[in-house]
Structure formats: C-alpha cells, structure tokens
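Here's upload.txt, which has compact mmCIF, N, CA and C atoms:
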# COMPACT_ATOMS: atom_id res chain seq x y z
N MET T 1 0.85 -1.17 0.00
CA MET T 1 0.00 0.00 0.00
C MET T 1 0.90 1.24 0.00
N PRO T 2 0.63 2.20 -0.88
CA PRO T 2 1.52 3.36 -1.00
C PRO T 2 1.64 4.19 0.28
N ILE T 3 0.60 4.23 1.08
CA ILE T 3 0.68 5.08 2.27
C ILE T 3 1.64 4.49 3.31
N ASP T 4 1.73 3.17 3.38
CA ASP T 4 2.65 2.55 4.35
C ASP T 4 4.09 2.99 4.09
N ARG T 5 4.48 2.95 2.84
CA ARG T 5 5.84 3.35 2.47
C ARG T 5 6.10 4.81 2.82
N LEU T 6 5.15 5.66 2.54
CA LEU T 6 5.31 7.09 2.82
C LEU T 6 5.34 7.37 4.32
N LEU T 7 4.52 6.66 5.08
CA LEU T 7 4.50 6.85 6.53
C LEU T 7 5.82 6.38 7.16
N THR T 8 6.36 5.30 6.65
CA THR T 8 7.64 4.79 7.16
C THR T 8 8.76 5.78 6.89
N ARG T 9 8.77 6.35 5.70
CA ARG T 9 9.80 7.34 5.35
C ARG T 9 9.77 8.55 6.26
N ARG T 10 8.58 8.93 6.67
CA ARG T 10 8.42 10.12 7.52
C ARG T 10 8.51 9.80 9.00
N ALA T 11 8.67 8.54 9.33
CA ALA T 11 8.77 8.10 10.73
C ALA T 11 7.58 8.57 11.57
N ILE T 12 6.39 8.34 11.03
CA ILE T 12 5.16 8.72 11.73
C ILE T 12 4.76 7.58 12.66
N GLY T 13 4.47 7.91 13.92
CA GLY T 13 4.16 6.92 14.95
C GLY T 13 2.85 6.20 14.74
N PRO T 14 2.65 5.10 15.47
CA PRO T 14 1.46 4.26 15.31
C PRO T 14 0.10 4.96 15.43
N PRO T 15 -0.12 5.84 16.43
CA PRO T 15 -1.46 6.44 16.51
C PRO T 15 -1.79 7.30 15.27
N ASP T 16 -0.84 8.13 14.88
CA ASP T 16 -1.06 8.97 13.70
C ASP T 16 -1.11 8.12 12.43
N SER T 17 -0.29 7.10 12.38
CA SER T 17 -0.25 6.21 11.23
C SER T 17 -1.60 5.54 11.00
N GLU T 18 -2.20 5.03 12.05
CA GLU T 18 -3.50 4.36 11.93
C GLU T 18 -4.59 5.34 11.48
N ARG T 19 -4.57 6.52 12.03
CA ARG T 19 -5.54 7.56 11.66
C ARG T 19 -5.42 7.91 10.17
N LEU T 20 -4.19 8.05 9.70
CA LEU T 20 -3.96 8.39 8.30
C LEU T 20 -4.30 7.24 7.36
N LYS T 21 -4.06 6.01 7.80
CA LYS T 21 -4.44 4.85 6.99
C LYS T 21 -5.95 4.76 6.84
N GLN T 22 -6.68 5.05 7.93
CA GLN T 22 -8.15 5.06 7.86
C GLN T 22 -8.62 6.12 6.86
N ALA T 23 -8.04 7.30 6.95
CA ALA T 23 -8.42 8.39 6.04
C ALA T 23 -8.11 8.01 4.59
N PHE T 24 -6.96 7.38 4.38
CA PHE T 24 -6.56 6.95 3.05
C PHE T 24 -7.57 5.98 2.47
N CYS T 25 -7.96 4.99 3.24
CA CYS T 25 -8.94 4.00 2.78
C CYS T 25 -10.29 4.65 2.46
N LEU T 26 -10.71 5.57 3.31
CA LEU T 26 -11.97 6.28 3.06
C LEU T 26 -11.89 7.12 1.79
N ALA T 27 -10.78 7.79 1.58
CA ALA T 27 -10.61 8.61 0.38
C ALA T 27 -10.62 7.73 -0.88
N LEU T 28 -9.92 6.60 -0.83
CA LEU T 28 -9.91 5.70 -1.98
C LEU T 28 -11.30 5.18 -2.29
N LYS T 29 -12.04 4.85 -1.25
CA LYS T 29 -13.42 4.36 -1.44
C LYS T 29 -14.29 5.44 -2.09
N THR T 30 -14.16 6.66 -1.61
CA THR T 30 -14.94 7.77 -2.17
C THR T 30 -14.59 8.01 -3.63
N LEU T 31 -13.32 7.87 -3.96
CA LEU T 31 -12.85 8.09 -5.33
C LEU T 31 -12.99 6.85 -6.22
N HIS T 32 -13.51 5.76 -5.65
CA HIS T 32 -13.70 4.50 -6.36
C HIS T 32 -12.39 3.95 -6.93
N LEU T 33 -11.32 4.09 -6.15
CA LEU T 33 -10.02 3.55 -6.55
C LEU T 33 -9.82 2.21 -5.85
N VAL T 34 -9.61 1.17 -6.63
CA VAL T 34 -9.50 -0.18 -6.08
C VAL T 34 -8.06 -0.70 -6.17
N ASP T 35 -7.41 -0.43 -7.27
CA ASP T 35 -6.05 -0.92 -7.50
C ASP T 35 -5.05 -0.07 -6.74
N ARG T 36 -4.53 -0.62 -5.65
CA ARG T 36 -3.59 0.14 -4.80
C ARG T 36 -2.27 0.40 -5.50
N ASN T 37 -2.01 -0.27 -6.63
CA ASN T 37 -0.79 -0.04 -7.39
C ASN T 37 -0.95 1.08 -8.41
N ASP T 38 -2.15 1.60 -8.54
CA ASP T 38 -2.41 2.72 -9.43
C ASP T 38 -1.64 3.93 -8.92
N PRO T 39 -0.88 4.61 -9.78
CA PRO T 39 -0.10 5.78 -9.35
C PRO T 39 -0.95 6.88 -8.71
N VAL T 40 -2.22 6.93 -9.04
CA VAL T 40 -3.11 7.92 -8.45
C VAL T 40 -3.23 7.70 -6.94
N CYS T 41 -3.14 6.45 -6.51
CA CYS T 41 -3.22 6.14 -5.08
C CYS T 41 -2.09 6.79 -4.30
N GLU T 42 -0.92 6.88 -4.91
CA GLU T 42 0.19 7.55 -4.22
C GLU T 42 -0.08 9.04 -4.09
N ILE T 43 -0.70 9.63 -5.08
CA ILE T 43 -1.08 11.05 -5.00
C ILE T 43 -2.07 11.25 -3.86
N VAL T 44 -3.04 10.35 -3.76
CA VAL T 44 -4.03 10.41 -2.68
C VAL T 44 -3.32 10.26 -1.33
N ALA T 45 -2.41 9.31 -1.23
CA ALA T 45 -1.69 9.08 0.02
C ALA T 45 -0.90 10.31 0.45
N ARG T 46 -0.23 10.94 -0.49
CA ARG T 46 0.55 12.15 -0.18
C ARG T 46 -0.35 13.28 0.32
N LYS T 47 -1.51 13.41 -0.30
CA LYS T 47 -2.45 14.46 0.10
C LYS T 47 -3.03 14.17 1.48
N VAL T 48 -3.35 12.91 1.74
CA VAL T 48 -3.87 12.51 3.06
C VAL T 48 -2.85 12.86 4.14
N ILE T 49 -1.59 12.53 3.90
CA ILE T 49 -0.54 12.81 4.88
C ILE T 49 -0.38 14.31 5.07
N GLU T 50 -0.39 15.04 3.99
CA GLU T 50 -0.26 16.51 4.07
C GLU T 50 -1.37 17.11 4.93
N ILE T 51 -2.60 16.72 4.67
CA ILE T 51 -3.74 17.26 5.42
C ILE T 51 -3.72 16.75 6.86
N GLY T 52 -3.41 15.48 7.04
CA GLY T 52 -3.41 14.89 8.38
C GLY T 52 -2.33 15.46 9.29
N LEU T 53 -1.21 15.84 8.72
CA LEU T 53 -0.14 16.40 9.53
C LEU T 53 -0.28 17.92 9.69
N ASP T 54 -1.26 18.47 9.01
CA ASP T 54 -1.52 19.91 9.10
C ASP T 54 -2.42 20.26 10.27
N GLY T 55 -2.87 19.23 11.03
CA GLY T 55 -3.67 19.51 12.21
C GLY T 55 -5.03 18.87 12.23
N THR T 56 -5.54 18.42 11.08
CA THR T 56 -6.84 17.76 11.03
C THR T 56 -6.70 16.37 11.63
N ARG T 57 -7.54 16.03 12.59
CA ARG T 57 -7.39 14.77 13.32
C ARG T 57 -8.38 13.68 12.91
N ASP T 58 -9.58 14.05 12.50
CA ASP T 58 -10.64 13.09 12.20
C ASP T 58 -10.41 12.44 10.82
N PRO T 59 -10.30 11.11 10.75
CA PRO T 59 -10.06 10.44 9.47
C PRO T 59 -11.10 10.76 8.40
N GLN T 60 -12.37 10.87 8.80
CA GLN T 60 -13.41 11.19 7.82
C GLN T 60 -13.23 12.60 7.26
N GLU T 61 -12.85 13.52 8.11
CA GLU T 61 -12.61 14.89 7.65
C GLU T 61 -11.37 14.96 6.76
N ILE T 62 -10.34 14.23 7.13
CA ILE T 62 -9.12 14.18 6.31
C ILE T 62 -9.46 13.64 4.92
N ALA T 63 -10.23 12.55 4.88
CA ALA T 63 -10.61 11.95 3.60
C ALA T 63 -11.45 12.93 2.77
N ALA T 64 -12.41 13.58 3.40
CA ALA T 64 -13.27 14.53 2.67
C ALA T 64 -12.46 15.70 2.12
N LEU T 65 -11.55 16.23 2.92
CA LEU T 65 -10.70 17.33 2.45
C LEU T 65 -9.78 16.88 1.32
N THR T 66 -9.27 15.68 1.44
CA THR T 66 -8.41 15.12 0.39
C THR T 66 -9.16 15.04 -0.93
N VAL T 67 -10.34 14.44 -0.89
CA VAL T 67 -11.14 14.29 -2.11
C VAL T 67 -11.48 15.65 -2.69
N ARG T 68 -11.89 16.58 -1.84
CA ARG T 68 -12.25 17.92 -2.30
C ARG T 68 -11.06 18.60 -2.96
N GLN T 69 -9.91 18.57 -2.33
CA GLN T 69 -8.74 19.23 -2.88
C GLN T 69 -8.26 18.58 -4.18
N LEU T 70 -8.34 17.27 -4.26
CA LEU T 70 -7.94 16.58 -5.49
C LEU T 70 -8.92 16.87 -6.62
N GLN T 71 -10.19 16.98 -6.31
CA GLN T 71 -11.17 17.28 -7.35
C GLN T 71 -10.99 18.71 -7.87
N LEU T 72 -10.59 19.62 -6.99
CA LEU T 72 -10.37 21.00 -7.42
C LEU T 72 -9.14 21.14 -8.28
N SER T 73 -8.17 20.25 -8.11
CA SER T 73 -6.93 20.37 -8.86
C SER T 73 -7.00 19.69 -10.23
N VAL T 74 -8.11 19.03 -10.52
CA VAL T 74 -8.23 18.33 -11.83
C VAL T 74 -8.69 19.27 -12.89
Mind converting the file's structure to structure tokens?
Amino acid sequence: MPIDRLLTRRAIGPPDSERLKQAFCLALKTLHLVDRNDPVCEIVARKVIEIGLDGTRDPQEIAALTVRQLQLSV
C-alpha cells in the first residue's frame, strides 16, 4: 500500500499512522479507486498525509478534504 511506504519514510508513529491509513482507505473508497498499485493512489496518500499532519485529526474529515482538494486540482 503506498501510504505505508510514505509513513515509514516520515517516521510517523502508530497512533497517527493508523488515523492516516483510515483516512486513506476512506478517500480511496470515495474516489472508487481499487487498484492500490495505481499511481493515483500515491497522489491520494501524499495528500492525506499533508492534510493529516496539518492539524486535522478526524479520518473522515481528512478523507473529505483530500477528495475535495484533489477534485479541485483536476
């Protein structure tokens, strides 16, 4: 899963890691992305981490903000 690799690189601890993984899965579900090897998933993972480390704590809110920001950038 692309988010695992990114979280490991940033040395993010277990509580934050789990929260970001939940947000990542929710965002992928909302975007109807199934293939975790799709390069778009890495873009989603990077955005989830960016938003999650910016102070947003709720996984559902992180996922919603991720989807919204990605849709605006298309």
task = Find the residue from T:Ala45, T:Ile62, T:Leu33, T:Met1 that sits nearest to Arg19 of chain T; use only C-alpha atoms when measuring.
result = T:Ile62
query = Any idea what the distance is between atom C of Asp35 of chain T and atom C of Gln69 of chain T?
reply =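 Atom C of Gln69 of chain T lies 19.1 Å from atom C of Asp35 of chain T.
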Closest of T:Ala64, T:Ala27, T:Ile49, T:Val34 to Arg5 of chain T - atom-to-atom distances counting only C-alpha atoms = T:Ile49
message = Using Å and a single decimal, report how far atom CA of Ala11 of chain T sits from atom C of Leu65 of chain T.
response = 22.6 Å
key: Residue nearest Pro39 of chain T among T:Pro2, T:Lys21, T:Ile12, T:Ala63 (counting only C-alpha atoms)   =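 Between T:Pro2, T:Lys21, T:Ile12, T:Ala63, the residue approaching Pro39 of chain T most closely is T:Pro2.
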task = Would you mind telling me which residue in T:Cys41, T:Leu72, T:Leu6, T:Val48 lies nearest to Gln22 of chain T when using only C-alpha atoms?
result = T:Val48
task = Could you give me the residues within segment 13-64 of chain T that DSSP places in helix (DSSP H, G or I), as number ranges by chain?
result = T: 14-30, 39-52, 59-64
For the residues selected in the previous step, produce a file with N, CA and C atoms as a short mmCIF file (atom, residue, chain, number, x, y, z; two decimals), keeping the file's coordinate frame.
data_model
loop_
_atom_site.label_atom_id
_atom_site.label_comp_id
_atom_site.auth_asym_id
_atom_site.auth_seq_id
_atom_site.Cartn_x
_atom_site.Cartn_y
_atom_site.Cartn_z
N PRO T 14 2.65 5.10 15.47
CA PRO T 14 1.46 4.26 15.31
C PRO T 14 0.10 4.96 15.43
N PRO T 15 -0.12 5.84 16.43
CA PRO T 15 -1.46 6.44 16.51
C PRO T 15 -1.79 7.30 15.27
N ASP T 16 -0.84 8.13 14.88
CA ASP T 16 -1.06 8.97 13.70
C ASP T 16 -1.11 8.12 12.43
N SER T 17 -0.29 7.10 12.38
CA SER T 17 -0.25 6.21 11.23
C SER T 17 -1.60 5.54 11.00
N GLU T 18 -2.20 5.03 12.05
CA GLU T 18 -3.50 4.36 11.93
C GLU T 18 -4.59 5.34 11.48
N ARG T 19 -4.57 6.52 12.03
CA ARG T 19 -5.54 7.56 11.66
C ARG T 19 -5.42 7.91 10.17
N LEU T 20 -4.19 8.05 9.70
CA LEU T 20 -3.96 8.39 8.30
C LEU T 20 -4.30 7.24 7.36
N LYS T 21 -4.06 6.01 7.80
CA LYS T 21 -4.44 4.85 6.99
C LYS T 21 -5.95 4.76 6.84
N GLN T 22 -6.68 5.05 7.93
CA GLN T 22 -8.15 5.06 7.86
C GLN T 22 -8.62 6.12 6.86
N ALA T 23 -8.04 7.30 6.95
CA ALA T 23 -8.42 8.39 6.04
C ALA T 23 -8.11 8.01 4.59
N PHE T 24 -6.96 7.38 4.38
CA PHE T 24 -6.56 6.95 3.05
C PHE T 24 -7.57 5.98 2.47
N CYS T 25 -7.96 4.99 3.24
CA CYS T 25 -8.94 4.00 2.78
C CYS T 25 -10.29 4.65 2.46
N LEU T 26 -10.71 5.57 3.31
CA LEU T 26 -11.97 6.28 3.06
C LEU T 26 -11.89 7.12 1.79
N ALA T 27 -10.78 7.79 1.58
CA ALA T 27 -10.61 8.61 0.38
C ALA T 27 -10.62 7.73 -0.88
N LEU T 28 -9.92 6.60 -0.83
CA LEU T 28 -9.91 5.70 -1.98
C LEU T 28 -11.30 5.18 -2.29
N LYS T 29 -12.04 4.85 -1.25
CA LYS T 29 -13.42 4.36 -1.44
C LYS T 29 -14.29 5.44 -2.09
N THR T 30 -14.16 6.66 -1.61
CA THR T 30 -14.94 7.77 -2.17
C THR T 30 -14.59 8.01 -3.63
N PRO T 39 -0.88 4.61 -9.78
CA PRO T 39 -0.10 5.78 -9.35
C PRO T 39 -0.95 6.88 -8.71
N VAL T 40 -2.22 6.93 -9.04
CA VAL T 40 -3.11 7.92 -8.45
C VAL T 40 -3.23 7.70 -6.94
N CYS T 41 -3.14 6.45 -6.51
CA CYS T 41 -3.22 6.14 -5.08
C CYS T 41 -2.09 6.79 -4.30
N GLU T 42 -0.92 6.88 -4.91
CA GLU T 42 0.19 7.55 -4.22
C GLU T 42 -0.08 9.04 -4.09
N ILE T 43 -0.70 9.63 -5.08
CA ILE T 43 -1.08 11.05 -5.00
C ILE T 43 -2.07 11.25 -3.86
N VAL T 44 -3.04 10.35 -3.76
CA VAL T 44 -4.03 10.41 -2.68
C VAL T 44 -3.32 10.26 -1.33
N ALA T 45 -2.41 9.31 -1.23
CA ALA T 45 -1.69 9.08 0.02
C ALA T 45 -0.90 10.31 0.45
N ARG T 46 -0.23 10.94 -0.49
CA ARG T 46 0.55 12.15 -0.18
C ARG T 46 -0.35 13.28 0.32
N LYS T 47 -1.51 13.41 -0.30
CA LYS T 47 -2.45 14.46 0.10
C LYS T 47 -3.03 14.17 1.48
N VAL T 48 -3.35 12.91 1.74
CA VAL T 48 -3.87 12.51 3.06
C VAL T 48 -2.85 12.86 4.14
N ILE T 49 -1.59 12.53 3.90
CA ILE T 49 -0.54 12.81 4.88
C ILE T 49 -0.38 14.31 5.07
N GLU T 50 -0.39 15.04 3.99
CA GLU T 50 -0.26 16.51 4.07
C GLU T 50 -1.37 17.11 4.93
N ILE T 51 -2.60 16.72 4.67
CA ILE T 51 -3.74 17.26 5.42
C ILE T 51 -3.72 16.75 6.86
N GLY T 52 -3.41 15.48 7.04
CA GLY T 52 -3.41 14.89 8.38
C GLY T 52 -2.33 15.46 9.29
N PRO T 59 -10.30 11.11 10.75
CA PRO T 59 -10.06 10.44 9.47
C PRO T 59 -11.10 10.76 8.40
N GLN T 60 -12.37 10.87 8.80
CA GLN T 60 -13.41 11.19 7.82
C GLN T 60 -13.23 12.60 7.26
N GLU T 61 -12.85 13.52 8.11
CA GLU T 61 -12.61 14.89 7.65
C GLU T 61 -11.37 14.96 6.76
N ILE T 62 -10.34 14.23 7.13
CA ILE T 62 -9.12 14.18 6.31
C ILE T 62 -9.46 13.64 4.92
N ALA T 63 -10.23 12.55 4.88
CA ALA T 63 -10.61 11.95 3.60
C ALA T 63 -11.45 12.93 2.77
N ALA T 64 -12.41 13.58 3.40
CA ALA T 64 -13.27 14.53 2.67
C ALA T 64 -12.46 15.70 2.12
#
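Across the structure, atom C of Pro14 of chain T and atom C of Ile43 of chain T are spaced 20.4 Å apart.
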inquiry  = So that I can check the surroundings of Leu20 of chain T, please list as a ChimeraX atom specification every protein, DNA and RNA residue that reaches within 12 Å of it, counting only C-alpha atoms and ignoring chain neighbours fewer than 4 positions away.
reply    = /T:2-4,6-7,12-16,24-27,44-63,66
